[in-house]
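Notes follow once the structure below has been shown.
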Amino acid sequence: MKCPKCHSEDWKLASVIYNQGLTDVNTSTSGGTLGAGVGTGGINVGYARSSSETTGEHQTTFSKQAAPPDVPPKPELLHSTNAVAVVQFLGLGIGLYLIFKENILLGFIALALLIGFWSKITNALKSNRDGEHKDYEAKHAKEMEEYEHAVEAYKKWETAAICLRCGALFYPNINSHNN
Ligand SMILES: [Zn+2]
């Protein structure tokens, strides 16, 4: 496989260049060598900046070009409305229990009022929750779509190659014999 632009065989996978770029950056931060040598003036001890610094920079430019696309964390569906409903139910139960414990007549009145308002309350809660849920699902669907696009872009990046001569990005399709 040759570069489709300049027909050079000198190319590397973007992922390889990117990872090499990272190692180069890591080594160049601790770059330089402490060396001792015998010169004309005696023994010299010096700190020499490594000459690989320029190639390091060069590869860093390449590695920037070869950087993978960002993949956001996979969005998860939250079941917060269920948790809220459980807490509301428990709170209601404890409240009723306390009223009954204090005064049975008051307890029955509270229960009757609660049953009387029950349909109104549940309907109001339900429509509110349905609206919220719909909004949330729409938001979640959008996030999932973005996530899947990012994963696709990442998979494509894994097969991408960069020509070391002209810098062209292409897809050598090296995995075709594996599939
Ligand atoms: Zn090329």
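If you're wondering about the labels, chains in the structure tokens are A, B, ... by order shown, residues count from 1 in each chain, ligands from 1 in order shown.
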Item to complete: Set the cut-off to 12 Å, count only C-alpha atoms and all ligand atoms, and list whatever residues fall near ligand 1 as a list in words.
Response: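 Checked against 12 Å with only C-alpha atoms and all ligand atoms; the hits are Met1, Lys2, Cys3, Pro4, Lys5, Cys6, His7, Ser8, Glu9, Asp10, Trp11, Lys12, Ala161, Ile162, Cys163, Leu164, Arg165, Cys166, Gly167, Ala168, Leu169 and Phe170 of chain A.
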Convert the current residue selection to file output with C-alpha atoms, as a PDB file, in the first residue's frame.
```pdb
ATOM      1  CA  MET A   1       0.000   0.000   0.000  1.00  0.00           C
ATOM      2  CA  LYS A   2       1.338   3.387  -1.024  1.00  0.00           C
ATOM      3  CA  CYS A   3       0.252   6.899  -0.182  1.00  0.00           C
ATOM      4  CA  PRO A   4      -2.509   7.735  -2.691  1.00  0.00           C
ATOM      5  CA  LYS A   5      -1.194  11.294  -2.995  1.00  0.00           C
ATOM      6  CA  CYS A   6       2.577  11.008  -3.387  1.00  0.00           C
ATOM      7  CA  HIS A   7       2.921   7.199  -3.727  1.00  0.00           C
ATOM      8  CA  SER A   8       5.377   7.045  -0.852  1.00  0.00           C
ATOM      9  CA  GLU A   9       5.522   3.782   1.060  1.00  0.00           C
ATOM     10  CA  ASP A  10       6.662   5.682   4.118  1.00  0.00           C
ATOM     11  CA  TRP A  11       3.476   5.983   6.130  1.00  0.00           C
ATOM     12  CA  LYS A  12       2.241   5.002   9.549  1.00  0.00           C
ATOM     13  CA  ALA A 161      -2.876   6.353   8.195  1.00  0.00           C
ATOM     14  CA  ILE A 162      -0.723   9.409   7.647  1.00  0.00           C
ATOM     15  CA  CYS A 163       1.915   9.669   4.952  1.00  0.00           C
ATOM     16  CA  LEU A 164       5.232  10.628   6.515  1.00  0.00           C
ATOM     17  CA  ARG A 165       6.377  12.345   3.341  1.00  0.00           C
ATOM     18  CA  CYS A 166       3.429  14.536   2.383  1.00  0.00           C
ATOM     19  CA  GLY A 167       1.230  14.280   5.464  1.00  0.00           C
ATOM     20  CA  ALA A 168      -1.814  13.025   3.571  1.00  0.00           C
ATOM     21  CA  LEU A 169      -4.447  11.244   5.636  1.00  0.00           C
ATOM     22  CA  PHE A 170      -5.797   8.076   4.057  1.00  0.00           C
TER      23      PHE A 170
END
```
Neighbour list for Ala150 of chain A as a short mmCIF file (atom, residue, chain, number, x, y, z; two decimals) with N, CA and C atoms, in the first residue's frame, cut-off 8 Å, only C-alpha atoms, skip fewer than 5 positions in-chain:
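So part-v2.cif came out as:
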```
data_model
loop_
_atom_site.label_atom_id
_atom_site.label_comp_id
_atom_site.auth_asym_id
_atom_site.auth_seq_id
_atom_site.Cartn_x
_atom_site.Cartn_y
_atom_site.Cartn_z
N PRO A 69 -10.31 11.39 17.63
CA PRO A 69 -11.47 12.24 17.96
C PRO A 69 -11.91 11.99 19.40
N ASP A 70 -12.42 13.01 20.03
CA ASP A 70 -12.91 12.87 21.41
C ASP A 70 -14.16 12.00 21.44
N VAL A 71 -14.17 11.05 22.35
CA VAL A 71 -15.38 10.25 22.55
C VAL A 71 -15.91 10.57 23.95
N PRO A 72 -17.11 11.15 24.01
CA PRO A 72 -17.67 11.46 25.33
C PRO A 72 -18.06 10.18 26.05
#
```
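Non-sequential neighbours of segment 124-129 of chain A (distance at most 12 Å, separation of 2 or more positions within a chain, only C-alpha atoms) are His79, Ser80, Thr81, Asn82, Val84, Ala85, Gln88, Phe117, Trp118, Ser119, Lys120, Ile121, Thr122, Gly131, Glu132, His133, Lys134, Asp135, Tyr136 and Glu137 of chain A.
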Residues as selected, N, CA and C atoms, written as a PDB file, in the first residue's frame, can you do that?
```
ATOM      1  N   HIS A  79     -32.950   6.880  36.285  1.00  0.00           N
ATOM      2  CA  HIS A  79     -34.315   6.550  36.708  1.00  0.00           C
ATOM      3  C   HIS A  79     -34.670   7.371  37.938  1.00  0.00           C
ATOM      4  N   SER A  80     -34.384   8.654  37.856  1.00  0.00           N
ATOM      5  CA  SER A  80     -34.572   9.515  39.017  1.00  0.00           C
ATOM      6  C   SER A  80     -36.053   9.660  39.366  1.00  0.00           C
ATOM      7  N   THR A  81     -36.944   9.644  38.340  1.00  0.00           N
ATOM      8  CA  THR A  81     -38.368   9.841  38.621  1.00  0.00           C
ATOM      9  C   THR A  81     -38.891   8.703  39.497  1.00  0.00           C
ATOM     10  N   ASN A  82     -38.394   7.463  39.264  1.00  0.00           N
ATOM     11  CA  ASN A  82     -38.813   6.331  40.096  1.00  0.00           C
ATOM     12  C   ASN A  82     -38.368   6.531  41.539  1.00  0.00           C
ATOM     13  N   VAL A  84     -37.776   9.307  43.064  1.00  0.00           N
ATOM     14  CA  VAL A  84     -38.575  10.377  43.665  1.00  0.00           C
ATOM     15  C   VAL A  84     -39.943   9.844  44.088  1.00  0.00           C
ATOM     16  N   ALA A  85     -40.552   9.004  43.227  1.00  0.00           N
ATOM     17  CA  ALA A  85     -41.870   8.439  43.532  1.00  0.00           C
ATOM     18  C   ALA A  85     -41.804   7.584  44.791  1.00  0.00           C
ATOM     19  N   GLN A  88     -41.601   9.849  47.809  1.00  0.00           N
ATOM     20  CA  GLN A  88     -42.903  10.469  48.046  1.00  0.00           C
ATOM     21  C   GLN A  88     -43.853   9.483  48.711  1.00  0.00           C
ATOM     22  N   PHE A 117     -58.503  13.498  46.742  1.00  0.00           N
ATOM     23  CA  PHE A 117     -57.588  14.263  45.869  1.00  0.00           C
ATOM     24  C   PHE A 117     -56.664  13.370  45.056  1.00  0.00           C
ATOM     25  N   TRP A 118     -56.741  12.068  45.320  1.00  0.00           N
ATOM     26  CA  TRP A 118     -55.758  11.141  44.742  1.00  0.00           C
ATOM     27  C   TRP A 118     -55.691  11.238  43.227  1.00  0.00           C
ATOM     28  N   SER A 119     -56.872  11.184  42.574  1.00  0.00           N
ATOM     29  CA  SER A 119     -56.870  11.180  41.106  1.00  0.00           C
ATOM     30  C   SER A 119     -56.290  12.486  40.579  1.00  0.00           C
ATOM     31  N   LYS A 120     -56.687  13.607  41.238  1.00  0.00           N
ATOM     32  CA  LYS A 120     -56.165  14.903  40.791  1.00  0.00           C
ATOM     33  C   LYS A 120     -54.645  14.960  40.954  1.00  0.00           C
ATOM     34  N   ILE A 121     -54.198  14.504  42.115  1.00  0.00           N
ATOM     35  CA  ILE A 121     -52.752  14.547  42.401  1.00  0.00           C
ATOM     36  C   ILE A 121     -51.980  13.672  41.423  1.00  0.00           C
ATOM     37  N   THR A 122     -52.467  12.419  41.258  1.00  0.00           N
ATOM     38  CA  THR A 122     -51.719  11.509  40.384  1.00  0.00           C
ATOM     39  C   THR A 122     -51.733  11.987  38.948  1.00  0.00           C
ATOM     40  N   GLY A 131     -44.188  14.809  30.774  1.00  0.00           N
ATOM     41  CA  GLY A 131     -43.539  15.908  30.064  1.00  0.00           C
ATOM     42  C   GLY A 131     -42.044  15.902  30.308  1.00  0.00           C
ATOM     43  N   GLU A 132     -41.677  15.776  31.585  1.00  0.00           N
ATOM     44  CA  GLU A 132     -40.261  15.747  31.957  1.00  0.00           C
ATOM     45  C   GLU A 132     -39.559  14.565  31.309  1.00  0.00           C
ATOM     46  N   HIS A 133     -40.263  13.420  31.361  1.00  0.00           N
ATOM     47  CA  HIS A 133     -39.681  12.195  30.830  1.00  0.00           C
ATOM     48  C   HIS A 133     -39.439  12.305  29.330  1.00  0.00           C
ATOM     49  N   LYS A 134     -40.429  12.915  28.642  1.00  0.00           N
ATOM     50  CA  LYS A 134     -40.309  13.091  27.201  1.00  0.00           C
ATOM     51  C   LYS A 134     -39.094  13.964  26.874  1.00  0.00           C
ATOM     52  N   ASP A 135     -38.974  15.094  27.594  1.00  0.00           N
ATOM     53  CA  ASP A 135     -37.834  15.991  27.407  1.00  0.00           C
ATOM     54  C   ASP A 135     -36.532  15.235  27.652  1.00  0.00           C
ATOM     55  N   TYR A 136     -36.536  14.486  28.734  1.00  0.00           N
ATOM     56  CA  TYR A 136     -35.324  13.772  29.117  1.00  0.00           C
ATOM     57  C   TYR A 136     -34.952  12.732  28.068  1.00  0.00           C
ATOM     58  N   GLU A 137     -35.974  12.014  27.570  1.00  0.00           N
ATOM     59  CA  GLU A 137     -35.687  10.989  26.561  1.00  0.00           C
ATOM     60  C   GLU A 137     -35.177  11.599  25.269  1.00  0.00           C
TER      61      GLU A 137
END
```
Item to complete: Identify, on the basis of only C-alpha atoms, every residue whose closest approach to Glu145 of chain A does not exceed 12 Å; exclude the query and any residue fewer than 5 positions from it along the same chain; express the result as a PyMOL selection string.
Response: chain A and resi 71-72+74-75+138-140+150-152
